[in-house]
Every structure is written in structure tokens, then in C-alpha cells.
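Working notes, beginning with the structure itself.
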Amino acid sequence: MENVKHDKGFYGKTDSGEKVSKITLTNQHNVTVEIITLGGTITSILVPDKEGTLADVALGFDTLEEYEVNAPYFGSLIGRVGNRIAKGQFELDGQVYCLVVNNGPNHLHGGLKGFNKVIWKSSIISDGSVKLSYTSADGEEGYPGELTVDVVYELTNNNELNIDYSATTTKATPVNLTNHTYFNLAGQGTKDIYDHEFTIDADTYTPKNEDNIPTGEITDVEGTLFDFRTPVTIGDRIHDIPVDMGYDHNFCVGKSQQKKQFARVEHKASGRILDVFTDQPGVQLYTANYVDEVKGKGGVIYGKHSAFCLETQNYPNAVNQPDFPSAILQPGETYTHRTTYKFSTSD
């Protein structure tokens, strides 16, 4: 079997003059994943349809400058804590930590300069794998402890994109890492995802308040708009979600460190299928509700509901909810997290 090929080259320089590299992984089926070291960002995922025609199924930008200045988090690594922390604060070991508030009254996706805005060191560790590394300083964005993070992207000849996260800390700190790729299985630039069929293996979800913070309840999906245990065409119900007019909700998909398949998304016209596996307790389904007239790759204008994200992670605001899975990493422990995005086609 032919090995997965890799290529690493110069992508550009940031506004401050920092060098950014691009890594390209290509397997024997011509599935190709491109990653840049700014934000550990996935900039492109080329996968075939049922006729063998390749299309890019990840939203993004054409230039480094656009990745620097725009804020939808297209394809980026998210940390130190993904999702929202209520009022930008938490208490840990008797001390209250105040973080940057950058999303209404909340702290979102690590702050003003989260992991999506930093340059990651990169190294090729095998033909199909690249490791990205970053050390977050004690006090960065208000978080305690120096956090050392490694993320490995691996493309296999089974059309799987594996993402392995690990982290250690010098002080107790919350950690919740994820990736924020926006998918459209019809191909990026397609107007919406209304014809995508979703299945999510989750019996419960976490309702949220008007500030997008979970109330602390864990609620059965039975009889609600959040029941995806059998396939649902997303366009049939996306407009019925109150307030958001779309999904931006956490689903409870399993126990920590027990990897399972929790989701399948199928686009019947192209035959493309995305299966998602994780060992995290939650996943945020986000349907690009706040993407508004964003100029993307090839000059295409991305609008509301032009993509979906399946962000594998701990529950939002877990650091302030004692009944949610713990988000605290202690010195001497290692945070680990694996997610697999597997692409295939229907017959």
C-alpha cells in the first residue's frame, strides 16, 4: 500500500513578520488535508464524491491576512478552553480568575488571542502525520499555569483524519481543546446545508440560557428538536430553533476517554458521508448561525447556515458547573483527547 504523502512549505508571513508554514497530507485516494501553523488551522479538505470527483469540504480563506483578521475560527485549533465560560471568570483552589470577555458577557474560545491566533511549531513525525506544539505561558489570557500542548494531525489511507491532543501544566488549570472546522459536504461555497442528513447518538443535551450558557440541567432529547438519534434532514427543523435560528448546542455523547462513533452526516446528492468519533463527553453542533456575508475561498460569500461544525469537547462552562465532567488539569496529569473524522461515500 502506498504511504500517505506529505509536503511542508512556506505559506507567508504574519503582519508582525512571523513565518507561517503549510503542511499538505495526501493519501492514495487523493484525499488531501492542508494545515497552516497559524492557529494549527485546517485550510482545506479535498474528498471525492460517489463519482470520484474531488471537492473541498472545509470553509476557509485564500490568504494568510484573512485568517489573521477574521473571526469565524475557520478550521482552527481552539484553546486553552473551547466554548464559553460564563462572565469570563471561574474559581479554582480558592482563587477567582478573571478572563477576557469577548462574546457578549462571556469568555469564548480562549480569549482575544486564543490558540487560533498563535504560531504553532510543526514537525513531520511520519508520512501521514504532523505534530504541532505550543507552550501557553502562565497567565496567558488570564489562565493559571504554563500549559504545554501537542496536537497531531494524521491522515490515513482509510480516509480518516485523526486529531490527537495532549497537554500538561505547571498549575491546576481548565483545559478544553477542540478543532473548529466548518464542513459543507456538497463543497465549500455551496449556499447552505439544508439537504444534509444528521444522525447524533446522544440521549441528552444541555439546555442553555439567553447568554448561551448551559443552565446546568441535562435534558432528554426525546420529543425535542434535539433528537437526532434517527436521521434528520437539517433543513426540516433548523429554522424552528428559538433565538439562535439554528443549532449552537452541546450534546452529551459519552463518557470521557471512551472513544465511540457519535455522529454521521450524509449529503445524498454527492454521496459524501462524514462519520465522527471521539472520546470526549460532549460535542457542540454549530450550524454557522453567525456567519454573515463572509468572503471566503475563491471569492465565494459564506452566509448563515453555509456549514456545520461538530466540535468535540467537554461541556460548555464546565469549570463553573460541579455536576458537569471536570475540565481541570492538575500538575503531573496529562490531558488527552482523540477525534476522528472519517470520509466515505454511499453506493
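Residues are named by chain letter and number: chains run A, B, ... in the order of the C-alpha cells, numbers start at 1 in each chain, and ligands are numbered from 1 in the order shown.
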
Please produce, as JSON lines, a per-residue contact table for segment 201-293 of chain A versus segment 314-325 of chain A (criterion: any atom at most 10 Å away, only C-alpha atoms considered), showing the nearest atom pair and its distance in Å to one decimal, sorted by chain then residue number.
{"residue": "A:Tyr205", "atom": "CA", "partner": "A:Tyr315", "partner_atom": "CA", "distance": 9.6}
{"residue": "A:Thr206", "atom": "CA", "partner": "A:Tyr315", "partner_atom": "CA", "distance": 8.1}
{"residue": "A:Lys208", "atom": "CA", "partner": "A:Pro316", "partner_atom": "CA", "distance": 9.6}
{"residue": "A:Asn212", "atom": "CA", "partner": "A:Pro316", "partner_atom": "CA", "distance": 9.1}
{"residue": "A:Ile213", "atom": "CA", "partner": "A:Asn317", "partner_atom": "CA", "distance": 6.9}
{"residue": "A:Pro214", "atom": "CA", "partner": "A:Pro316", "partner_atom": "CA", "distance": 6.8}
{"residue": "A:Thr215", "atom": "CA", "partner": "A:Gln321", "partner_atom": "CA", "distance": 9.1}
{"residue": "A:Gly216", "atom": "CA", "partner": "A:Gln321", "partner_atom": "CA", "distance": 6.5}
{"residue": "A:Glu217", "atom": "CA", "partner": "A:Asp323", "partner_atom": "CA", "distance": 9.0}
{"residue": "A:Ile218", "atom": "CA", "partner": "A:Phe324", "partner_atom": "CA", "distance": 9.1}
{"residue": "A:His249", "atom": "CA", "partner": "A:Pro316", "partner_atom": "CA", "distance": 9.1}
{"residue": "A:Asn250", "atom": "CA", "partner": "A:Tyr315", "partner_atom": "CA", "distance": 6.6}
{"residue": "A:Phe251", "atom": "CA", "partner": "A:Tyr315", "partner_atom": "CA", "distance": 8.3}
{"residue": "A:Cys252", "atom": "CA", "partner": "A:Tyr315", "partner_atom": "CA", "distance": 7.9}
{"residue": "A:Lys255", "atom": "CA", "partner": "A:Pro325", "partner_atom": "CA", "distance": 8.7}
{"residue": "A:Ser256", "atom": "CA", "partner": "A:Pro325", "partner_atom": "CA", "distance": 8.0}
{"residue": "A:Gln280", "atom": "CA", "partner": "A:Asn314", "partner_atom": "CA", "distance": 6.3}
{"residue": "A:Pro281", "atom": "CA", "partner": "A:Asn314", "partner_atom": "CA", "distance": 5.7}
{"residue": "A:Gly282", "atom": "CA", "partner": "A:Asn314", "partner_atom": "CA", "distance": 5.2}
{"residue": "A:Val283", "atom": "CA", "partner": "A:Asn314", "partner_atom": "CA", "distance": 7.5}
{"residue": "A:Gln284", "atom": "CA", "partner": "A:Tyr315", "partner_atom": "CA", "distance": 8.3}

Would you output that residue set with C-alpha atoms, as a CSV table (one decimal), in the first residue's frame?
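And here is the file that came out, again-v6.csv:
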chain,number,residue,atom,x,y,z
A,205,TYR,CA,-28.2,17.6,25.7
A,206,THR,CA,-27.5,20.7,27.9
A,208,LYS,CA,-28.8,27.0,27.7
A,212,ASN,CA,-25.7,30.8,25.5
A,213,ILE,CA,-24.5,29.3,28.9
A,214,PRO,CA,-25.8,25.9,29.9
A,215,THR,CA,-28.3,26.1,32.8
A,216,GLY,CA,-26.7,23.1,34.5
A,217,GLU,CA,-29.6,20.8,33.5
A,218,ILE,CA,-29.0,17.7,31.4
A,249,HIS,CA,-25.8,23.4,21.4
A,250,ASN,CA,-23.9,20.8,23.3
A,251,PHE,CA,-24.9,17.2,23.0
A,252,CYS,CA,-23.9,14.6,25.7
A,255,LYS,CA,-18.1,9.2,28.9
A,256,SER,CA,-14.6,10.7,28.9
A,280,GLN,CA,-14.9,13.4,24.8
A,281,PRO,CA,-18.2,13.7,26.7
A,282,GLY,CA,-19.7,16.4,24.5
A,283,VAL,CA,-20.0,17.8,21.1
A,284,GLN,CA,-21.1,21.2,20.0

- Please provide as a ChimeraX atom specification all residues within 10 Å of Asp15 of chain A, with the sequence filter that same-chain residues fewer than 5 positions apart are discarded (counting only C-alpha atoms). /A:64-65,68-69

- Item | For Lys297 of chain A: contacts at 12 Å, only C-alpha atoms, fewer than 4 positions along chain excluded, given as a PyMOL selection string | chain A and resi 43-44+56-64+66-67+74+187-190+301-302

Would you export the selected residues with all heavy atoms as a short mmCIF file (atom, residue, chain, number, x, y, z; two decimals), in the first residue's frame, please?
data_model
loop_
_atom_site.label_atom_id
_atom_site.label_comp_id
_atom_site.auth_asym_id
_atom_site.auth_seq_id
_atom_site.Cartn_x
_atom_site.Cartn_y
_atom_site.Cartn_z
N THR A 43 -6.99 24.38 6.45
CA THR A 43 -7.44 25.33 5.43
C THR A 43 -8.18 24.68 4.28
O THR A 43 -8.88 25.35 3.53
CB THR A 43 -6.25 26.12 4.86
OG1 THR A 43 -5.31 25.21 4.28
CG2 THR A 43 -5.56 26.93 5.96
N SER A 44 -8.03 23.35 4.14
CA SER A 44 -8.67 22.67 3.02
C SER A 44 -8.75 21.18 3.30
O SER A 44 -7.82 20.60 3.89
CB SER A 44 -7.87 22.90 1.72
OG SER A 44 -8.41 22.18 0.64
N ASP A 56 -13.51 20.50 -2.15
CA ASP A 56 -13.04 21.00 -0.86
C ASP A 56 -14.26 21.16 0.04
O ASP A 56 -15.17 21.94 -0.26
CB ASP A 56 -12.33 22.33 -1.06
CG ASP A 56 -11.69 22.87 0.21
OD1 ASP A 56 -11.87 22.27 1.28
OD2 ASP A 56 -11.00 23.92 0.11
N VAL A 57 -14.31 20.42 1.15
CA VAL A 57 -15.49 20.43 2.01
C VAL A 57 -15.29 21.27 3.27
O VAL A 57 -16.13 21.23 4.19
CB VAL A 57 -15.90 18.99 2.40
CG1 VAL A 57 -16.28 18.19 1.16
CG2 VAL A 57 -14.82 18.27 3.20
N ALA A 58 -14.22 22.05 3.34
CA ALA A 58 -13.93 22.89 4.51
C ALA A 58 -13.95 24.36 4.13
O ALA A 58 -13.27 24.77 3.18
CB ALA A 58 -12.58 22.53 5.11
N LEU A 59 -14.71 25.17 4.86
CA LEU A 59 -14.72 26.60 4.60
C LEU A 59 -13.39 27.22 5.03
O LEU A 59 -12.71 26.69 5.92
CB LEU A 59 -15.87 27.28 5.36
CG LEU A 59 -17.23 27.31 4.65
CD1 LEU A 59 -17.76 25.92 4.37
CD2 LEU A 59 -18.25 28.11 5.48
N GLY A 60 -13.04 28.33 4.42
CA GLY A 60 -11.78 28.99 4.77
C GLY A 60 -11.53 30.20 3.90
O GLY A 60 -12.42 30.70 3.21
N PHE A 61 -10.27 30.64 3.93
CA PHE A 61 -9.86 31.84 3.20
C PHE A 61 -8.74 31.53 2.22
O PHE A 61 -8.09 30.48 2.29
CB PHE A 61 -9.38 32.91 4.19
CG PHE A 61 -10.42 33.37 5.16
CD1 PHE A 61 -10.27 33.14 6.52
CD2 PHE A 61 -11.55 34.03 4.72
CE1 PHE A 61 -11.23 33.57 7.42
CE2 PHE A 61 -12.53 34.47 5.62
CZ PHE A 61 -12.36 34.23 6.98
N ASP A 62 -8.50 32.48 1.32
CA ASP A 62 -7.44 32.32 0.32
C ASP A 62 -6.09 32.83 0.80
O ASP A 62 -5.05 32.44 0.27
CB ASP A 62 -7.81 33.06 -0.97
CG ASP A 62 -8.90 32.36 -1.76
OD1 ASP A 62 -8.90 31.12 -1.78
OD2 ASP A 62 -9.73 33.06 -2.36
N THR A 63 -6.09 33.74 1.79
CA THR A 63 -4.84 34.41 2.16
C THR A 63 -4.60 34.34 3.66
O THR A 63 -5.54 34.22 4.47
CB THR A 63 -4.86 35.89 1.75
OG1 THR A 63 -5.84 36.59 2.54
CG2 THR A 63 -5.19 36.05 0.27
N LEU A 64 -3.33 34.45 4.04
CA LEU A 64 -2.95 34.49 5.44
C LEU A 64 -3.56 35.70 6.14
O LEU A 64 -4.02 35.61 7.28
CB LEU A 64 -1.42 34.51 5.55
CG LEU A 64 -0.83 34.58 6.95
CD1 LEU A 64 -1.28 33.40 7.80
CD2 LEU A 64 0.70 34.62 6.88
N GLU A 66 -6.33 37.16 5.68
CA GLU A 66 -7.73 36.94 6.05
C GLU A 66 -7.84 36.06 7.29
O GLU A 66 -8.72 36.28 8.13
CB GLU A 66 -8.47 36.32 4.87
CG GLU A 66 -8.65 37.27 3.69
CD GLU A 66 -9.17 36.56 2.46
OE1 GLU A 66 -8.48 35.63 1.96
OE2 GLU A 66 -10.26 36.92 1.98
N TYR A 67 -6.98 35.05 7.40
CA TYR A 67 -7.00 34.23 8.62
C TYR A 67 -6.60 35.03 9.85
O TYR A 67 -7.07 34.76 10.96
CB TYR A 67 -6.08 33.02 8.46
CG TYR A 67 -6.68 31.89 7.65
CD1 TYR A 67 -6.24 31.63 6.36
CD2 TYR A 67 -7.71 31.11 8.18
CE1 TYR A 67 -6.80 30.60 5.61
CE2 TYR A 67 -8.26 30.08 7.44
CZ TYR A 67 -7.81 29.83 6.15
OH TYR A 67 -8.38 28.82 5.42
N PHE A 74 -12.45 29.62 11.36
CA PHE A 74 -12.45 28.59 10.32
C PHE A 74 -11.27 27.64 10.48
O PHE A 74 -10.11 28.03 10.37
CB PHE A 74 -12.37 29.21 8.93
CG PHE A 74 -13.63 29.89 8.45
CD1 PHE A 74 -13.56 30.89 7.49
CD2 PHE A 74 -14.88 29.54 8.94
CE1 PHE A 74 -14.70 31.51 7.03
CE2 PHE A 74 -16.03 30.16 8.48
CZ PHE A 74 -15.94 31.16 7.53
N GLY A 187 -19.54 20.73 -0.80
CA GLY A 187 -18.40 21.53 -1.26
C GLY A 187 -18.50 22.93 -0.71
O GLY A 187 -19.60 23.53 -0.67
N GLN A 188 -17.38 23.45 -0.22
CA GLN A 188 -17.38 24.81 0.33
C GLN A 188 -17.85 25.76 -0.77
O GLN A 188 -17.52 25.60 -1.94
CB GLN A 188 -16.00 25.18 0.87
CG GLN A 188 -14.91 25.42 -0.15
CD GLN A 188 -14.89 26.84 -0.70
OE1 GLN A 188 -15.34 27.78 -0.05
NE2 GLN A 188 -14.36 27.01 -1.91
N GLY A 189 -18.60 26.75 -0.37
CA GLY A 189 -19.18 27.67 -1.35
C GLY A 189 -20.61 27.35 -1.70
O GLY A 189 -21.32 28.20 -2.24
N THR A 190 -21.06 26.11 -1.40
CA THR A 190 -22.47 25.79 -1.56
C THR A 190 -23.27 26.62 -0.55
O THR A 190 -22.85 26.81 0.59
CB THR A 190 -22.71 24.29 -1.34
OG1 THR A 190 -21.88 23.55 -2.24
CG2 THR A 190 -24.16 23.93 -1.59
N ILE A 301 -19.11 34.02 -1.19
CA ILE A 301 -19.64 34.66 0.01
C ILE A 301 -20.34 33.60 0.86
O ILE A 301 -21.31 32.98 0.43
CB ILE A 301 -20.63 35.79 -0.34
CG1 ILE A 301 -19.94 36.84 -1.23
CG2 ILE A 301 -21.17 36.44 0.94
CD1 ILE A 301 -18.74 37.50 -0.60
N TYR A 302 -19.83 33.41 2.08
CA TYR A 302 -20.43 32.48 3.01
C TYR A 302 -21.51 33.20 3.82
O TYR A 302 -21.28 34.30 4.33
CB TYR A 302 -19.41 31.93 4.00
CG TYR A 302 -18.23 31.21 3.40
CD1 TYR A 302 -16.95 31.38 3.92
CD2 TYR A 302 -18.37 30.33 2.34
CE1 TYR A 302 -15.85 30.71 3.41
CE2 TYR A 302 -17.28 29.65 1.81
CZ TYR A 302 -16.03 29.84 2.35
OH TYR A 302 -14.94 29.17 1.83
#

- Just the residues within 9 Å of Thr199 of chain A, please, counting only C-alpha atoms, with nothing from its chain fewer than 6 positions along; format it as a list in words.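 Counting only C-alpha atoms, the residues come to Asp227, Phe228, Arg229, Thr230, Pro231, Val232, Phe262, Ala263, Arg264, Val265 and Glu266 of chain A.
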
List every residue of segment 247-337 of chain A that has an atom at most 12 Å from any atom of segment 52-55 of chain A, and for each one report the closest atom pair and its distance in Å to one decimal, counting only C-alpha atoms, with rows sorted by chain and then by increasing residue number, as JSON lines.
{"residue": "A:Ser270", "atom": "CA", "partner": "A:Thr53", "partner_atom": "CA", "distance": 9.2}
{"residue": "A:Gly271", "atom": "CA", "partner": "A:Gly52", "partner_atom": "CA", "distance": 10.0}
{"residue": "A:Arg272", "atom": "CA", "partner": "A:Ala55", "partner_atom": "CA", "distance": 10.2}

May I have the selected residues written with all heavy atoms, as an mmCIF file, in the first residue's frame?
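part_26.cif, freshly written:
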data_model
loop_
_atom_site.group_PDB
_atom_site.id
_atom_site.type_symbol
_atom_site.label_atom_id
_atom_site.label_comp_id
_atom_site.auth_asym_id
_atom_site.auth_seq_id
_atom_site.Cartn_x
_atom_site.Cartn_y
_atom_site.Cartn_z
ATOM 1 N N SER A 270 -24.303 14.179 -3.403
ATOM 2 C CA SER A 270 -22.906 13.889 -3.745
ATOM 3 C C SER A 270 -22.488 12.497 -3.285
ATOM 4 O O SER A 270 -21.489 11.949 -3.769
ATOM 5 C CB SER A 270 -21.974 14.916 -3.114
ATOM 6 O OG SER A 270 -21.971 14.782 -1.698
ATOM 7 N N GLY A 271 -23.241 11.939 -2.328
ATOM 8 C CA GLY A 271 -22.879 10.654 -1.743
ATOM 9 C C GLY A 271 -21.846 10.752 -0.641
ATOM 10 O O GLY A 271 -21.469 9.731 -0.051
ATOM 11 N N ARG A 272 -21.368 11.949 -0.334
ATOM 12 C CA ARG A 272 -20.339 12.086 0.703
ATOM 13 C C ARG A 272 -20.934 11.848 2.087
ATOM 14 O O ARG A 272 -22.026 12.321 2.404
ATOM 15 C CB ARG A 272 -19.681 13.471 0.651
ATOM 16 C CG ARG A 272 -18.834 13.704 -0.589
ATOM 17 C CD ARG A 272 -18.015 14.993 -0.478
ATOM 18 N NE ARG A 272 -17.293 15.239 -1.727
ATOM 19 C CZ ARG A 272 -17.754 15.992 -2.717
ATOM 20 N NH1 ARG A 272 -18.929 16.611 -2.585
ATOM 21 N NH2 ARG A 272 -17.054 16.152 -3.818
#

- Polymer residues at most 10 Å from Asn159 of chain A, only C-alpha atoms, same-chain spacing of 5 or more positions, as a VMD selection string: chain A and resid 26 to 32 47 341 to 344

N, CA, C and O atoms of the current selection, written as an mmCIF file, in the first residue's frame:
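Result file part38.cif:
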data_model
loop_
_atom_site.group_PDB
_atom_site.id
_atom_site.type_symbol
_atom_site.label_atom_id
_atom_site.label_comp_id
_atom_site.auth_asym_id
_atom_site.auth_seq_id
_atom_site.Cartn_x
_atom_site.Cartn_y
_atom_site.Cartn_z
ATOM 1 N N THR A 26 -1.515 13.926 1.753
ATOM 2 C CA THR A 26 -2.302 13.353 0.654
ATOM 3 C C THR A 26 -2.214 11.846 0.709
ATOM 4 O O THR A 26 -1.115 11.279 0.759
ATOM 5 N N ASN A 27 -3.384 11.172 0.683
ATOM 6 C CA ASN A 27 -3.356 9.714 0.738
ATOM 7 C C ASN A 27 -3.517 9.097 -0.657
ATOM 8 O O ASN A 27 -3.601 9.805 -1.663
ATOM 9 N N GLN A 28 -3.591 7.771 -0.720
ATOM 10 C CA GLN A 28 -3.606 7.087 -2.015
ATOM 11 C C GLN A 28 -4.914 7.290 -2.777
ATOM 12 O O GLN A 28 -4.999 6.988 -3.975
ATOM 13 N N HIS A 29 -5.935 7.831 -2.108
ATOM 14 C CA HIS A 29 -7.212 8.099 -2.763
ATOM 15 C C HIS A 29 -7.326 9.573 -3.170
ATOM 16 O O HIS A 29 -8.408 10.013 -3.562
ATOM 17 N N ASN A 30 -6.208 10.292 -3.040
ATOM 18 C CA ASN A 30 -6.143 11.725 -3.345
ATOM 19 C C ASN A 30 -6.946 12.589 -2.376
ATOM 20 O O ASN A 30 -7.225 13.764 -2.672
ATOM 21 N N VAL A 31 -7.325 12.018 -1.238
ATOM 22 C CA VAL A 31 -7.843 12.849 -0.156
ATOM 23 C C VAL A 31 -6.688 13.697 0.358
ATOM 24 O O VAL A 31 -5.591 13.178 0.628
ATOM 25 N N THR A 32 -6.911 14.985 0.457
ATOM 26 C CA THR A 32 -5.837 15.918 0.803
ATOM 27 C C THR A 32 -6.291 16.851 1.917
ATOM 28 O O THR A 32 -7.399 17.406 1.861
ATOM 29 N N VAL A 47 -12.048 15.822 -0.672
ATOM 30 C CA VAL A 47 -12.530 14.439 -0.628
ATOM 31 C C VAL A 47 -13.402 14.168 -1.853
ATOM 32 O O VAL A 47 -14.042 15.074 -2.393
ATOM 33 N N TYR A 341 -12.346 12.125 12.109
ATOM 34 C CA TYR A 341 -13.297 12.447 11.050
ATOM 35 C C TYR A 341 -13.043 11.488 9.902
ATOM 36 O O TYR A 341 -11.961 11.515 9.304
ATOM 37 N N LYS A 342 -14.004 10.622 9.612
ATOM 38 C CA LYS A 342 -13.841 9.613 8.575
ATOM 39 C C LYS A 342 -14.764 9.920 7.401
ATOM 40 O O LYS A 342 -15.976 10.036 7.560
ATOM 41 N N PHE A 343 -14.166 10.001 6.204
ATOM 42 C CA PHE A 343 -14.908 10.339 4.997
ATOM 43 C C PHE A 343 -15.129 9.082 4.156
ATOM 44 O O PHE A 343 -14.244 8.240 4.005
ATOM 45 N N SER A 344 -16.328 8.958 3.601
ATOM 46 C CA SER A 344 -16.646 7.855 2.713
ATOM 47 C C SER A 344 -17.748 8.314 1.763
ATOM 48 O O SER A 344 -18.166 9.482 1.790
#

- Residue nearest Val151 of chain A among A:His107, A:Lys295, A:Lys121, A:Lys304 (counting only C-alpha atoms):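 Among A:His107, A:Lys295, A:Lys121, A:Lys304, it is A:Lys121 that comes nearest to Val151 of chain A.
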
- Message: If you run DSSP on the backbone here, which positions in segment 13-189 of chain A get strand (DSSP E)? Please write them as number ranges by chain.
- Response: A: 13, 19-26, 32-36, 41-48, 54-56, 77-78, 84-85, 89-92, 95-98, 107-108, 121-126, 129-136, 147-155, 160-169, 173-174, 178-179

- Leaving out Lys117 of chain A and any residue of its chain fewer than 5 positions from it, which residues lie within 10 Å of it when counting only C-alpha atoms, given as a ChimeraX atom specification? /A:37-41,67-69,71,73,76-78,110-112

Go ahead and save the residues from that selection, with all heavy atoms, as an mmCIF file, in the first residue's frame.
data_model
loop_
_atom_site.group_PDB
_atom_site.id
_atom_site.type_symbol
_atom_site.label_atom_id
_atom_site.label_comp_id
_atom_site.auth_asym_id
_atom_site.auth_seq_id
_atom_site.Cartn_x
_atom_site.Cartn_y
_atom_site.Cartn_z
ATOM 1 N N THR A 37 0.412 26.706 10.122
ATOM 2 C CA THR A 37 0.863 26.772 11.509
ATOM 3 C C THR A 37 0.274 27.952 12.269
ATOM 4 O O THR A 37 0.397 28.005 13.489
ATOM 5 C CB THR A 37 2.402 26.804 11.581
ATOM 6 O OG1 THR A 37 2.898 27.846 10.735
ATOM 7 C CG2 THR A 37 2.981 25.467 11.123
ATOM 8 N N LEU A 38 -0.359 28.911 11.585
ATOM 9 C CA LEU A 38 -1.135 29.925 12.284
ATOM 10 C C LEU A 38 -2.419 29.271 12.776
ATOM 11 O O LEU A 38 -3.269 28.845 11.989
ATOM 12 C CB LEU A 38 -1.473 31.096 11.368
ATOM 13 C CG LEU A 38 -2.416 32.138 11.994
ATOM 14 C CD1 LEU A 38 -1.741 32.870 13.152
ATOM 15 C CD2 LEU A 38 -2.925 33.135 10.958
ATOM 16 N N GLY A 39 -2.524 29.133 14.084
ATOM 17 C CA GLY A 39 -3.725 28.549 14.659
ATOM 18 C C GLY A 39 -3.871 27.057 14.462
ATOM 19 O O GLY A 39 -4.918 26.493 14.807
ATOM 20 N N GLY A 40 -2.839 26.390 13.906
ATOM 21 C CA GLY A 40 -2.984 24.976 13.593
ATOM 22 C C GLY A 40 -4.194 24.734 12.711
ATOM 23 O O GLY A 40 -4.911 23.733 12.843
ATOM 24 N N THR A 41 -4.409 25.648 11.779
ATOM 25 C CA THR A 41 -5.660 25.743 11.043
ATOM 26 C C THR A 41 -5.722 24.791 9.854
ATOM 27 O O THR A 41 -4.808 24.773 9.021
ATOM 28 C CB THR A 41 -5.864 27.189 10.550
ATOM 29 O OG1 THR A 41 -5.900 28.065 11.688
ATOM 30 C CG2 THR A 41 -7.127 27.341 9.729
ATOM 31 N N TYR A 67 -6.980 35.050 7.403
ATOM 32 C CA TYR A 67 -7.002 34.226 8.615
ATOM 33 C C TYR A 67 -6.605 35.035 9.853
ATOM 34 O O TYR A 67 -7.072 34.763 10.961
ATOM 35 C CB TYR A 67 -6.083 33.016 8.459
ATOM 36 C CG TYR A 67 -6.683 31.891 7.652
ATOM 37 C CD1 TYR A 67 -6.244 31.626 6.358
ATOM 38 C CD2 TYR A 67 -7.708 31.106 8.178
ATOM 39 C CE1 TYR A 67 -6.801 30.599 5.610
ATOM 40 C CE2 TYR A 67 -8.263 30.076 7.436
ATOM 41 C CZ TYR A 67 -7.815 29.831 6.154
ATOM 42 O OH TYR A 67 -8.381 28.821 5.418
ATOM 43 N N GLU A 68 -5.739 36.026 9.673
ATOM 44 C CA GLU A 68 -5.316 36.849 10.809
ATOM 45 C C GLU A 68 -6.420 37.762 11.321
ATOM 46 O O GLU A 68 -6.572 37.942 12.531
ATOM 47 C CB GLU A 68 -4.110 37.707 10.417
ATOM 48 C CG GLU A 68 -2.787 36.999 10.414
ATOM 49 C CD GLU A 68 -1.635 37.973 10.383
ATOM 50 O OE1 GLU A 68 -1.222 38.374 9.277
ATOM 51 O OE2 GLU A 68 -1.163 38.345 11.478
ATOM 52 N N VAL A 69 -7.195 38.344 10.412
ATOM 53 C CA VAL A 69 -8.106 39.419 10.818
ATOM 54 C C VAL A 69 -9.555 38.981 10.972
ATOM 55 O O VAL A 69 -10.345 39.673 11.612
ATOM 56 C CB VAL A 69 -8.036 40.607 9.835
ATOM 57 C CG1 VAL A 69 -6.624 41.147 9.748
ATOM 58 C CG2 VAL A 69 -8.530 40.215 8.440
ATOM 59 N N ALA A 71 -12.813 36.447 12.158
ATOM 60 C CA ALA A 71 -13.088 35.831 13.454
ATOM 61 C C ALA A 71 -14.007 34.611 13.471
ATOM 62 O O ALA A 71 -14.459 34.238 14.542
ATOM 63 C CB ALA A 71 -13.689 36.894 14.377
ATOM 64 N N TYR A 73 -13.173 31.569 13.205
ATOM 65 C CA TYR A 73 -12.406 30.403 13.674
ATOM 66 C C TYR A 73 -12.363 29.279 12.635
ATOM 67 O O TYR A 73 -12.215 28.113 12.993
ATOM 68 C CB TYR A 73 -12.982 29.854 15.002
ATOM 69 C CG TYR A 73 -13.078 30.866 16.109
ATOM 70 C CD1 TYR A 73 -14.266 31.548 16.351
ATOM 71 C CD2 TYR A 73 -11.989 31.139 16.936
ATOM 72 C CE1 TYR A 73 -14.369 32.482 17.377
ATOM 73 C CE2 TYR A 73 -12.079 32.063 17.969
ATOM 74 C CZ TYR A 73 -13.277 32.735 18.179
ATOM 75 O OH TYR A 73 -13.359 33.654 19.210
ATOM 76 N N SER A 76 -9.668 26.225 12.824
ATOM 77 C CA SER A 76 -8.598 26.470 13.791
ATOM 78 C C SER A 76 -8.641 25.534 14.998
ATOM 79 O O SER A 76 -9.687 25.011 15.374
ATOM 80 C CB SER A 76 -8.685 27.912 14.306
ATOM 81 O OG SER A 76 -8.454 28.836 13.267
ATOM 82 N N LEU A 77 -7.460 25.381 15.629
ATOM 83 C CA LEU A 77 -7.388 24.781 16.954
ATOM 84 C C LEU A 77 -7.885 25.801 17.972
ATOM 85 O O LEU A 77 -7.584 26.998 17.861
ATOM 86 C CB LEU A 77 -5.955 24.366 17.282
ATOM 87 C CG LEU A 77 -5.386 23.231 16.427
ATOM 88 C CD1 LEU A 77 -3.921 22.992 16.772
ATOM 89 C CD2 LEU A 77 -6.189 21.944 16.605
ATOM 90 N N ILE A 78 -8.622 25.307 18.958
ATOM 91 C CA ILE A 78 -9.259 26.185 19.939
ATOM 92 C C ILE A 78 -8.765 25.826 21.333
ATOM 93 O O ILE A 78 -8.751 24.665 21.732
ATOM 94 C CB ILE A 78 -10.798 26.040 19.875
ATOM 95 C CG1 ILE A 78 -11.324 26.374 18.471
ATOM 96 C CG2 ILE A 78 -11.455 26.920 20.932
ATOM 97 C CD1 ILE A 78 -11.077 27.783 18.009
ATOM 98 N N GLY A 110 -11.022 30.770 24.341
ATOM 99 C CA GLY A 110 -9.671 31.095 24.800
ATOM 100 C C GLY A 110 -9.327 32.557 24.866
ATOM 101 O O GLY A 110 -8.229 32.909 25.292
ATOM 102 N N GLY A 111 -10.244 33.439 24.423
ATOM 103 C CA GLY A 111 -9.994 34.869 24.571
ATOM 104 C C GLY A 111 -9.639 35.583 23.292
ATOM 105 O O GLY A 111 -9.818 35.074 22.181
ATOM 106 N N LEU A 112 -9.103 36.794 23.444
ATOM 107 C CA LEU A 112 -8.781 37.624 22.283
ATOM 108 C C LEU A 112 -7.657 37.026 21.451
ATOM 109 O O LEU A 112 -7.640 37.155 20.226
ATOM 110 C CB LEU A 112 -8.396 39.040 22.738
ATOM 111 C CG LEU A 112 -9.525 39.867 23.365
ATOM 112 C CD1 LEU A 112 -8.994 41.212 23.839
ATOM 113 C CD2 LEU A 112 -10.668 40.061 22.378
#

- Task: Go ahead and compute the interatomic distance for atom CA of Cys98 of chain A and atom CA of Glu141 of chain A, in Å to one decimal.
- Result: 9.0 Å

- Message: I want to know what sits within 8 Å of Thr278 of chain A, based on only C-alpha atoms, with residues of the same chain fewer than 4 positions away left out; could you give that as a list in words?
- Response: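 In the requested format, the answer is Gln258, Lys259, Lys260, Gln261, Phe262, Thr312, His337, Arg338, Thr339 and Thr340 of chain A.
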
- Task: From segment 48-295 of chain A, collect each residue whose DSSP state is alpha helix (DSSP H) and return the set as a list in words.
- Result: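 Written out, the alpha helix (DSSP H) residues of segment 48-295 of chain A are Leu64, Glu65, Glu66, Tyr67, Glu68 and Val69 of chain A.
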
- Task: Please indicate the distance in Å from atom CA of Thr135 of chain A to atom CA of Val149 of chain A, rounded to one decimal place.
- Result: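 Separating atom CA of Thr135 of chain A from atom CA of Val149 of chain A is a distance of 6.1 Å.
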
- From A:Ile193, A:Trp120, A:Ala202, A:Leu155, residue lying nearest His6 of chain A [only C-alpha atoms]: A:Leu155
